[in-house]
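Engineer: my_file_11.tsv is reproduced in full below (TSV, C-alpha atoms).
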```tsv
chain	number	residue	atom	x	y	z
A	1	MET	CA	-14.57	-0.66	6.47
A	2	SER	CA	-13.11	-4.02	7.30
A	3	HIS	CA	-11.79	-4.31	10.79
A	4	ALA	CA	-8.78	-6.29	11.91
A	5	ARG	CA	-10.38	-7.43	15.13
A	6	TYR	CA	-14.11	-7.66	14.59
A	7	PRO	CA	-15.99	-9.76	12.03
A	8	GLU	CA	-18.53	-8.20	9.68
A	9	TRP	CA	-22.12	-8.07	10.88
A	10	GLN	CA	-23.89	-11.37	10.30
A	11	ALA	CA	-27.46	-11.96	11.43
A	12	ASP	CA	-27.07	-15.73	11.90
A	13	THR	CA	-24.09	-15.29	14.21
A	14	ALA	CA	-25.91	-12.64	16.20
A	15	GLU	CA	-28.93	-14.89	16.63
A	16	ALA	CA	-26.69	-17.67	17.86
A	17	LEU	CA	-25.11	-15.27	20.35
A	18	ILE	CA	-28.43	-14.02	21.66
A	19	ALA	CA	-30.37	-17.29	21.90
A	20	PRO	CA	-28.59	-18.82	24.94
A	21	ILE	CA	-28.74	-15.51	26.83
A	22	VAL	CA	-32.46	-15.14	26.25
A	23	ALA	CA	-33.00	-18.75	27.33
A	24	SER	CA	-31.10	-18.47	30.60
A	25	GLU	CA	-31.23	-14.87	31.87
A	26	PRO	CA	-34.22	-13.18	33.51
A	27	GLY	CA	-33.39	-9.69	32.12
A	28	PRO	CA	-31.54	-10.40	28.91
A	29	VAL	CA	-31.70	-7.11	26.94
A	30	LEU	CA	-28.52	-5.47	28.20
A	31	LEU	CA	-26.63	-8.78	28.14
A	32	CYS	CA	-27.67	-9.32	24.52
A	33	LEU	CA	-26.54	-5.82	23.55
A	34	GLN	CA	-23.21	-6.39	25.28
A	35	ALA	CA	-22.75	-9.78	23.62
A	36	VAL	CA	-23.39	-8.30	20.17
A	37	GLN	CA	-21.03	-5.39	20.79
A	38	ALA	CA	-18.31	-7.67	22.17
A	39	HIS	CA	-18.48	-9.82	19.04
A	40	PHE	CA	-19.01	-7.25	16.27
A	41	GLY	CA	-17.59	-4.14	17.96
A	42	TYR	CA	-20.89	-2.30	17.71
A	43	VAL	CA	-24.65	-2.83	17.77
A	44	PRO	CA	-26.20	-2.27	14.33
A	45	GLY	CA	-29.83	-1.25	13.99
A	46	ASP	CA	-30.72	-4.75	12.80
A	47	ALA	CA	-29.52	-6.14	16.12
A	48	VAL	CA	-31.88	-3.88	18.08
A	49	ALA	CA	-34.87	-5.29	16.20
A	50	MET	CA	-33.52	-8.82	16.59
A	51	ILE	CA	-33.02	-8.46	20.34
A	52	ALA	CA	-36.48	-6.93	20.76
A	53	GLU	CA	-38.02	-9.89	18.95
A	54	ALA	CA	-36.00	-12.46	20.90
A	55	CYS	CA	-36.68	-10.87	24.30
A	56	ASN	CA	-40.35	-10.21	23.52
A	57	VAL	CA	-40.08	-6.49	24.25
A	58	SER	CA	-40.62	-3.48	21.98
A	59	ARG	CA	-37.87	-1.98	19.88
A	60	ALA	CA	-38.34	1.20	21.88
A	61	ASP	CA	-37.46	-0.70	25.07
A	62	VAL	CA	-34.24	-2.03	23.55
A	63	HIS	CA	-33.47	1.38	22.09
A	64	GLY	CA	-33.95	2.90	25.54
A	65	VAL	CA	-31.43	0.51	27.08
A	66	PHE	CA	-29.05	1.00	24.17
A	67	THR	CA	-29.05	4.80	24.37
A	68	PHE	CA	-28.78	4.84	28.17
A	69	TYR	CA	-25.29	3.35	28.16
A	70	ALA	CA	-22.69	5.61	26.53
A	71	ASP	CA	-20.30	2.70	25.86
A	72	LEU	CA	-22.75	0.95	23.53
A	73	ARG	CA	-22.29	2.21	19.99
A	74	ASP	CA	-24.19	1.84	16.70
A	75	THR	CA	-21.26	2.42	14.34
A	76	PRO	CA	-18.11	0.31	13.95
A	77	PRO	CA	-15.34	1.45	16.31
A	78	PRO	CA	-12.14	3.06	15.00
A	79	ALA	CA	-9.20	0.71	14.48
A	80	VAL	CA	-7.35	1.99	17.57
A	81	PRO	CA	-9.79	3.88	19.79
A	82	VAL	CA	-8.17	6.55	21.98
A	83	ARG	CA	-10.19	7.91	24.88
A	84	LEU	CA	-8.99	10.54	27.29
A	85	CYS	CA	-10.22	10.74	30.86
A	86	ALA	CA	-12.33	13.84	31.35
A	87	ALA	CA	-13.04	13.49	35.06
A	88	GLU	CA	-12.01	15.92	37.81
A	89	ALA	CA	-8.67	14.46	38.94
A	90	CYS	CA	-7.32	14.25	35.41
A	91	GLN	CA	-8.58	17.77	34.61
A	92	ALA	CA	-6.66	18.97	37.65
A	93	VAL	CA	-3.37	17.64	36.26
A	94	GLY	CA	-3.75	18.85	32.68
A	95	GLY	CA	-6.43	16.63	31.16
A	96	ARG	CA	-8.09	19.54	29.34
A	97	GLN	CA	-4.78	20.69	27.92
A	98	LEU	CA	-4.00	17.14	26.80
A	99	LYS	CA	-7.40	16.94	25.11
A	100	ALA	CA	-6.66	20.16	23.22
A	101	GLU	CA	-3.17	18.99	22.26
A	102	TRP	CA	-4.48	15.62	21.12
A	103	ALA	CA	-7.21	17.30	19.05
A	104	ALA	CA	-4.51	19.47	17.44
A	105	ALA	CA	-2.34	16.41	16.75
A	106	CYS	CA	-5.28	14.61	15.11
A	107	GLY	CA	-6.25	17.78	13.23
A	108	GLY	CA	-2.82	17.92	11.64
A	109	ASP	CA	-2.66	14.23	10.82
A	110	ALA	CA	-5.61	12.77	8.89
A	111	ASP	CA	-4.27	9.21	9.17
A	112	LEU	CA	-4.05	9.46	12.95
A	113	ALA	CA	-7.55	10.93	13.14
A	114	ALA	CA	-9.01	8.15	10.99
A	115	LEU	CA	-7.18	5.50	13.00
A	116	THR	CA	-8.19	6.71	16.45
A	117	GLY	CA	-11.61	8.21	15.75
A	118	ILE	CA	-13.28	11.03	17.58
A	119	ASP	CA	-12.09	11.28	21.15
A	120	GLU	CA	-15.08	10.10	23.15
A	121	PRO	CA	-14.55	11.34	26.70
A	122	ILE	CA	-14.53	8.75	29.43
A	123	PHE	CA	-15.24	9.50	33.06
A	124	CYS	CA	-12.70	8.20	35.52
A	125	LEU	CA	-10.55	5.20	34.75
A	126	GLY	CA	-9.59	4.89	38.42
A	127	ASN	CA	-6.00	5.85	37.69
A	128	CYS	CA	-6.26	9.25	39.36
A	129	ALA	CA	-2.82	9.09	40.98
A	130	LEU	CA	-1.26	8.87	37.53
A	131	GLY	CA	-3.34	11.41	35.62
A	132	PRO	CA	-3.99	12.40	32.94
A	133	ALA	CA	-5.22	8.88	32.19
A	134	ALA	CA	-6.12	7.54	28.77
A	135	LEU	CA	-7.43	4.35	27.24
A	136	VAL	CA	-5.65	3.34	24.04
A	137	ASP	CA	-7.25	0.35	22.34
A	138	GLY	CA	-8.59	-0.76	25.71
A	139	GLU	CA	-5.22	-0.48	27.46
A	140	LEU	CA	-4.89	1.91	30.37
A	141	MET	CA	-2.17	4.59	30.16
A	142	GLY	CA	-1.04	6.83	33.01
A	143	CYS	CA	0.69	10.24	32.77
A	144	ALA	CA	-0.47	10.43	29.17
A	145	ASP	CA	0.95	12.97	26.76
A	146	VAL	CA	0.73	13.28	22.99
A	147	ALA	CA	4.06	11.53	22.36
A	148	ARG	CA	3.17	8.53	24.53
A	149	LEU	CA	-0.31	8.36	23.01
A	150	LYS	CA	1.14	8.33	19.51
A	151	ALA	CA	3.65	5.64	20.46
A	152	ALA	CA	0.89	3.50	21.98
A	153	VAL	CA	-1.27	3.95	18.86
A	154	THR	CA	1.62	2.87	16.64
A	155	LEU	CA	2.26	-0.16	18.85
A	156	ALA	CA	-1.42	-1.14	18.97
A	157	ARG	CA	-1.69	-0.78	15.20
A	158	ALA	CA	1.37	-2.97	14.64
A	159	THR	CA	0.04	-5.58	17.08
A	160	GLY	CA	-3.41	-5.51	15.46
A	161	GLU	CA	-1.98	-6.01	11.99
A	162	GLY	CA	0.25	-8.82	13.19
A	163	ALA	CA	-2.66	-10.69	14.82
B	164	MET	CA	21.22	-14.06	40.92
B	165	SER	CA	18.58	-11.49	41.60
B	166	ILE	CA	14.85	-11.74	41.85
B	167	TRP	CA	12.92	-8.79	40.46
B	168	PHE	CA	9.47	-7.92	41.73
B	169	VAL	CA	7.53	-5.99	39.11
B	170	PRO	CA	3.97	-4.96	39.99
B	171	ARG	CA	1.11	-6.13	37.81
B	172	ASP	CA	-1.72	-3.90	38.97
B	173	ALA	CA	-3.50	-1.55	36.61
B	174	ALA	CA	-1.60	1.58	37.70
B	175	ALA	CA	1.82	-0.02	37.25
B	176	ARG	CA	0.84	-1.50	33.89
B	177	SER	CA	-0.44	1.90	32.77
B	178	MET	CA	3.14	3.15	33.24
B	179	GLY	CA	4.80	0.32	31.34
B	180	ALA	CA	5.44	-2.35	33.96
B	181	ASP	CA	4.73	-5.07	31.39
B	182	ALA	CA	7.51	-3.77	29.15
B	183	VAL	CA	9.90	-3.63	32.11
B	184	ALA	CA	9.04	-7.20	33.09
B	185	SER	CA	9.48	-8.56	29.59
B	186	ALA	CA	12.78	-6.68	29.19
B	187	LEU	CA	14.06	-8.25	32.41
B	188	GLU	CA	12.87	-11.69	31.38
B	189	ALA	CA	14.58	-11.25	28.02
B	190	ARG	CA	17.82	-10.74	29.94
B	191	GLY	CA	17.26	-14.02	31.75
B	192	GLU	CA	16.31	-12.47	35.08
B	193	THR	CA	13.78	-14.01	37.44
B	194	VAL	CA	10.69	-11.83	37.53
B	195	ILE	CA	7.84	-12.10	40.00
B	196	ARG	CA	4.74	-10.05	39.31
B	197	ASN	CA	3.35	-8.78	42.59
B	198	GLY	CA	0.96	-6.06	43.74
B	199	SER	CA	2.18	-2.51	43.93
B	200	ARG	CA	3.24	-0.92	47.21
B	201	GLY	CA	0.84	1.94	46.65
B	202	MET	CA	3.53	4.43	45.67
B	203	LEU	CA	1.80	4.91	42.36
B	204	TRP	CA	3.59	8.16	41.49
B	205	MET	CA	6.82	6.12	41.25
B	206	GLU	CA	5.46	3.40	38.99
B	207	PRO	CA	6.80	1.32	37.47
B	208	LEU	CA	8.51	0.72	40.81
B	209	VAL	CA	10.61	-2.41	40.86
B	210	GLU	CA	12.08	-4.26	43.81
B	211	ARG	CA	15.26	-6.24	43.46
B	212	ALA	CA	16.31	-8.85	45.99
B	213	ASP	CA	19.37	-11.12	46.08
B	214	GLU	CA	21.01	-13.37	48.63
B	215	ARG	CA	23.42	-10.84	50.07
B	216	GLN	CA	21.76	-7.48	49.90
B	217	ALA	CA	18.78	-5.91	51.49
B	218	PRO	CA	15.96	-5.27	49.04
B	219	GLU	CA	16.54	-2.42	46.67
B	220	TRP	CA	13.93	-0.31	44.94
B	221	VAL	CA	14.17	1.33	41.57
B	222	GLY	CA	11.42	3.76	40.57
B	223	ARG	CA	10.35	5.08	37.18
B	224	MET	CA	12.29	2.51	35.21
```
Would you write out, as structure tokens, the structure that this file holds?
Structural biologist:
Amino acid sequence: MSHARYPEWQADTAEALIAPIVASEPGPVLLCLQAVQAHFGYVPGDAVAMIAEACNVSRADVHGVFTFYADLRDTPPPAVPVRLCAAEACQAVGGRQLKAEWAAACGGDADLAALTGIDEPIFCLGNCALGPAALVDGELMGCADVARLKAAVTLARATGEGA
Amino acid sequence: MSIWFVPRDAAARSMGADAVASALEARGETVIRNGSRGMLWMEPLVERADERQAPEWVGRM
């Protein structure tokens, strides 16, 4: 799937991203993983081997760091990721109900589901006073409901296509 | 001529403060992006000031 925002995986580019980090940082594994994800949107398996080689550690070490952090992913992200806060304050103001409603909305709309991906829960966006909070394409939303989420997805999609 | 103070912290932006600010700017108003006053349940809370009046607040724009 081609992605509006992220380039296709390219080993040369990844090596160029990693090299200066390895040269200058004392503990470069996590920084390398983050750099690859920031550029390509995800960390493919090839990158794990590449980072292990560059940092002179085992693949298992890099894999351990990679799997420890839930925000690092090994598949390309959806075009407009939607993540709902699943922490206590948002649950207390209807976060669970919103999650169920959003799942129902995506269940009835295959395009929406493909565009926004599986809702990966996120734990506390720090917007507890304005719960339920959501993250739509990296943008924070307060007092989220299905209508506002859909509007934000439409807007983000239009902006992404225009860019 | 009024000056509008529209917060630019994360909570206000999560409630659409950016859209409010750009709508005001599109109308030729002077907009200053400040911090919020902590009344997050009223965001986007906007303060309007002009030469004659005391400041005026408008919540949930």
Engineer: Can you pull out the residues contacting Gly191 in chain B? Cut-off 12 Å, using all atoms listed in the file, and skip same-chain residues under 6 positions away; I want them as a list in words.
Structural biologist: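 Non-adjacent residues within range: Met164, Ser165, Ile166, Trp167, Ala184 and Ser185 of chain B.
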Engineer: Nearest to Glu206 in chain B among A:Val65, A:Met141, A:Val136, A:Glu88, with distances taken over all atoms listed in the file: which residue is it?
Structural biologist: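 The shortest atom-to-atom distance to Glu206 in chain B comes from A:Met141.
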Engineer: Enter the distance from CA of Leu135 in chain A to CA of Pro81 in chain A, in Å, rounded to one decimal.
Structural biologist: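 These atoms are spaced 7.8 Å apart.
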Engineer: What residues in chain A have any atom no more than 10 Å from chain B when counting all atoms listed in the file, and can you write them as JSON, numbers by chain?
Structural biologist: {"A": [125, 126, 127, 128, 129, 130, 131, 133, 134, 135, 139, 140, 141, 142, 143, 144]}
Engineer: Which one is closest to Ala186 in chain B: B:Val169, B:Arg200, B:Ala217, B:Glu210? Count all atoms listed in the file.
Structural biologist: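 With all atoms listed in the file as the atom set, the closest residue is B:Val169.
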Engineer: Just to confirm, what's the straight-line distance from CA of Glu188 in chain B to CA of Val209 in chain B in Å (one decimal)?
Structural biologist: 13.5 Å
Engineer: Would you pick out the contacts of Phe168 in chain B at 10 Å or less, using only C-alpha atoms, so that residues sharing its chain but fewer than 5 positions from it are not included, and give the list as a compact mmCIF listing (two decimals) with C-alpha atoms, in the frame of the given file?
Structural biologist:
```txt
# COMPACT_ATOMS: atom_id res chain seq x y z
CA ALA B 184 9.04 -7.20 33.09
CA THR B 193 13.78 -14.01 37.44
CA VAL B 194 10.69 -11.83 37.53
CA ILE B 195 7.84 -12.10 40.00
CA ARG B 196 4.74 -10.05 39.31
CA ASN B 197 3.35 -8.78 42.59
CA GLY B 198 0.96 -6.06 43.74
CA SER B 199 2.18 -2.51 43.93
CA LEU B 208 8.51 0.72 40.81
CA VAL B 209 10.61 -2.41 40.86
CA GLU B 210 12.08 -4.26 43.81
CA ARG B 211 15.26 -6.24 43.46
CA ALA B 212 16.31 -8.85 45.99
CA TRP B 220 13.93 -0.31 44.94
```
Engineer: So how many Å separate CA of Trp102 in chain A and CA of Val146 in chain A, to one decimal?
Structural biologist: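 Spanning CA of Trp102 in chain A to CA of Val146 in chain A is a straight-line distance of 6.0 Å.
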Engineer: For each of A:Ala47, A:Leu31, A:Ala152, A:Ala147, take the minimum atom-to-atom distance to Asp74 in chain A, counting all atoms listed in the file, then give the residue where this is smallest.
Structural biologist: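 The answer is A:Ala47, which sits nearest to Asp74 in chain A.
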Engineer: So, counting only C-alpha atoms, which residue among A:Pro121, A:Gly94, A:Pro132, A:Pro20 is closest to Asp71 in chain A?
Structural biologist: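 Among the listed residues, the smallest separation from Asp71 in chain A belongs to A:Pro121.
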Engineer: Would you give the centre and edge lengths, in Å to one decimal, of a box along x, y and z around the listed atoms of range 207-222 of chain B, with 6 Å added to each side, as lines of an AutoDock Vina configuration file?
Structural biologist:
```
center_x = 15.1
center_y = -4.8
center_z = 44.5
size_x = 28.6
size_y = 29.1
size_z = 26.0
```
Engineer: With distances taken over only C-alpha atoms, which of A:Leu84, A:Leu98, A:Ala60, A:Leu115 is nearest to Ala156 in chain A?
Structural biologist: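 Closest candidate: A:Leu115.
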Engineer: Choose the residue, out of A:Phe66, A:Ala110, A:Phe123, A:Leu155, that has the smallest atom-to-atom separation from Ala86 in chain A; count only C-alpha atoms.
Structural biologist: A:Phe123
Engineer: With only C-alpha atoms as the counted atoms, please give the residues lying no more than 9 Å from Val80 in chain A, apart from itself and same-chain residues fewer than 6 positions off, as a list in words.
Structural biologist: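 Neighbouring residues, sequence-local ones excluded: Leu115, Thr116, Gly117, Val136, Asp137, Gly138, Val153, Ala156, Arg157 and Gly160 of chain A.
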Engineer: Could you name the residues that touch range 34-42 of chain A at 7 Å or less, counting only C-alpha atoms, but leaving out those on the same chain fewer than 2 positions away, as a list in words?
Structural biologist: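 Here the answer would be Tyr6, Pro7, Glu8, Trp9, Ala14, Leu17, Leu30, Leu31, Cys32, Pro44, Leu72, Arg73, Asp74, Thr75, Pro76 and Pro77 of chain A.
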Engineer: Where atoms are absent from range 168-198 of chain B, fill them in so it carries N, CA and C atoms, then output it as a PDB file, in the frame of the given file.
Structural biologist:
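This went into out-v5.pdb:
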```pdb
ATOM      1  N   PHE B 168      10.911  -7.976  41.501  1.00  0.00           N
ATOM      2  CA  PHE B 168       9.470  -7.920  41.730  1.00  0.00           C
ATOM      3  C   PHE B 168       8.913  -6.731  40.953  1.00  0.00           C
ATOM      4  N   VAL B 169       8.086  -7.035  39.981  1.00  0.00           N
ATOM      5  CA  VAL B 169       7.530  -5.990  39.110  1.00  0.00           C
ATOM      6  C   VAL B 169       6.008  -6.017  39.275  1.00  0.00           C
ATOM      7  N   PRO B 170       5.411  -4.942  39.744  1.00  0.00           N
ATOM      8  CA  PRO B 170       3.970  -4.960  39.990  1.00  0.00           C
ATOM      9  C   PRO B 170       3.157  -5.234  38.730  1.00  0.00           C
ATOM     10  N   ARG B 171       1.983  -5.816  38.950  1.00  0.00           N
ATOM     11  CA  ARG B 171       1.110  -6.130  37.810  1.00  0.00           C
ATOM     12  C   ARG B 171      -0.283  -5.539  38.049  1.00  0.00           C
ATOM     13  N   ASP B 172      -0.387  -4.499  38.854  1.00  0.00           N
ATOM     14  CA  ASP B 172      -1.720  -3.900  38.970  1.00  0.00           C
ATOM     15  C   ASP B 172      -1.917  -2.857  37.867  1.00  0.00           C
ATOM     16  N   ALA B 173      -3.148  -2.388  37.758  1.00  0.00           N
ATOM     17  CA  ALA B 173      -3.500  -1.550  36.610  1.00  0.00           C
ATOM     18  C   ALA B 173      -2.640  -0.290  36.550  1.00  0.00           C
ATOM     19  N   ALA B 174      -2.355   0.326  37.710  1.00  0.00           N
ATOM     20  CA  ALA B 174      -1.600   1.580  37.700  1.00  0.00           C
ATOM     21  C   ALA B 174      -0.181   1.339  37.198  1.00  0.00           C
ATOM     22  N   ALA B 175       0.452   0.269  37.685  1.00  0.00           N
ATOM     23  CA  ALA B 175       1.820  -0.020  37.250  1.00  0.00           C
ATOM     24  C   ALA B 175       1.851  -0.353  35.763  1.00  0.00           C
ATOM     25  N   ARG B 176       0.871  -1.137  35.315  1.00  0.00           N
ATOM     26  CA  ARG B 176       0.840  -1.500  33.890  1.00  0.00           C
ATOM     27  C   ARG B 176       0.576  -0.280  33.025  1.00  0.00           C
ATOM     28  N   SER B 177      -0.167   0.681  33.561  1.00  0.00           N
ATOM     29  CA  SER B 177      -0.440   1.900  32.770  1.00  0.00           C
ATOM     30  C   SER B 177       0.825   2.725  32.593  1.00  0.00           C
ATOM     31  N   MET B 178       1.874   2.426  33.375  1.00  0.00           N
ATOM     32  CA  MET B 178       3.140   3.150  33.240  1.00  0.00           C
ATOM     33  C   MET B 178       4.216   2.271  32.613  1.00  0.00           C
ATOM     34  N   GLY B 179       3.845   1.120  32.100  1.00  0.00           N
ATOM     35  CA  GLY B 179       4.800   0.320  31.340  1.00  0.00           C
ATOM     36  C   GLY B 179       5.458  -0.810  32.106  1.00  0.00           C
ATOM     37  N   ALA B 180       4.826  -1.275  33.186  1.00  0.00           N
ATOM     38  CA  ALA B 180       5.440  -2.350  33.960  1.00  0.00           C
ATOM     39  C   ALA B 180       5.580  -3.636  33.139  1.00  0.00           C
ATOM     40  N   ASP B 181       4.641  -3.865  32.220  1.00  0.00           N
ATOM     41  CA  ASP B 181       4.730  -5.070  31.390  1.00  0.00           C
ATOM     42  C   ASP B 181       5.994  -5.054  30.533  1.00  0.00           C
ATOM     43  N   ALA B 182       6.311  -3.883  29.987  1.00  0.00           N
ATOM     44  CA  ALA B 182       7.510  -3.770  29.150  1.00  0.00           C
ATOM     45  C   ALA B 182       8.768  -3.979  29.997  1.00  0.00           C
ATOM     46  N   VAL B 183       8.759  -3.443  31.221  1.00  0.00           N
ATOM     47  CA  VAL B 183       9.900  -3.630  32.110  1.00  0.00           C
ATOM     48  C   VAL B 183      10.080  -5.116  32.424  1.00  0.00           C
ATOM     49  N   ALA B 184       8.965  -5.780  32.740  1.00  0.00           N
ATOM     50  CA  ALA B 184       9.040  -7.200  33.090  1.00  0.00           C
ATOM     51  C   ALA B 184       9.545  -8.025  31.913  1.00  0.00           C
ATOM     52  N   SER B 185       9.037  -7.738  30.718  1.00  0.00           N
ATOM     53  CA  SER B 185       9.480  -8.560  29.590  1.00  0.00           C
ATOM     54  C   SER B 185      10.939  -8.255  29.237  1.00  0.00           C
ATOM     55  N   ALA B 186      11.377  -6.999  29.443  1.00  0.00           N
ATOM     56  CA  ALA B 186      12.780  -6.680  29.190  1.00  0.00           C
ATOM     57  C   ALA B 186      13.689  -7.427  30.170  1.00  0.00           C
ATOM     58  N   LEU B 187      13.256  -7.516  31.425  1.00  0.00           N
ATOM     59  CA  LEU B 187      14.060  -8.250  32.410  1.00  0.00           C
ATOM     60  C   LEU B 187      14.093  -9.737  32.085  1.00  0.00           C
ATOM     61  N   GLU B 188      12.928 -10.259  31.721  1.00  0.00           N
ATOM     62  CA  GLU B 188      12.870 -11.690  31.380  1.00  0.00           C
ATOM     63  C   GLU B 188      13.729 -11.992  30.160  1.00  0.00           C
ATOM     64  N   ALA B 189      13.755 -11.056  29.222  1.00  0.00           N
ATOM     65  CA  ALA B 189      14.580 -11.250  28.020  1.00  0.00           C
ATOM     66  C   ALA B 189      16.062 -11.317  28.383  1.00  0.00           C
ATOM     67  N   ARG B 190      16.425 -10.682  29.489  1.00  0.00           N
ATOM     68  CA  ARG B 190      17.820 -10.740  29.940  1.00  0.00           C
ATOM     69  C   ARG B 190      18.070 -11.951  30.827  1.00  0.00           C
ATOM     70  N   GLY B 191      17.081 -12.810  30.977  1.00  0.00           N
ATOM     71  CA  GLY B 191      17.260 -14.020  31.750  1.00  0.00           C
ATOM     72  C   GLY B 191      17.076 -13.843  33.242  1.00  0.00           C
ATOM     73  N   GLU B 192      16.517 -12.715  33.659  1.00  0.00           N
ATOM     74  CA  GLU B 192      16.310 -12.470  35.080  1.00  0.00           C
ATOM     75  C   GLU B 192      15.039 -13.174  35.553  1.00  0.00           C
ATOM     76  N   THR B 193      14.990 -13.445  36.859  1.00  0.00           N
ATOM     77  CA  THR B 193      13.780 -14.010  37.440  1.00  0.00           C
ATOM     78  C   THR B 193      12.850 -12.871  37.827  1.00  0.00           C
ATOM     79  N   VAL B 194      11.655 -12.902  37.292  1.00  0.00           N
ATOM     80  CA  VAL B 194      10.690 -11.830  37.530  1.00  0.00           C
ATOM     81  C   VAL B 194       9.471 -12.396  38.235  1.00  0.00           C
ATOM     82  N   ILE B 195       9.075 -11.738  39.324  1.00  0.00           N
ATOM     83  CA  ILE B 195       7.840 -12.100  40.000  1.00  0.00           C
ATOM     84  C   ILE B 195       6.900 -10.901  39.913  1.00  0.00           C
ATOM     85  N   ARG B 196       5.707 -11.148  39.411  1.00  0.00           N
ATOM     86  CA  ARG B 196       4.740 -10.050  39.310  1.00  0.00           C
ATOM     87  C   ARG B 196       3.933 -10.016  40.591  1.00  0.00           C
ATOM     88  N   ASN B 197       4.042  -8.907  41.310  1.00  0.00           N
ATOM     89  CA  ASN B 197       3.350  -8.780  42.590  1.00  0.00           C
ATOM     90  C   ASN B 197       2.365  -7.612  42.516  1.00  0.00           C
ATOM     91  N   GLY B 198       1.775  -7.267  43.675  1.00  0.00           N
ATOM     92  CA  GLY B 198       0.960  -6.060  43.740  1.00  0.00           C
ATOM     93  C   GLY B 198       1.864  -4.872  43.962  1.00  0.00           C
TER      94      GLY B 198
END
```
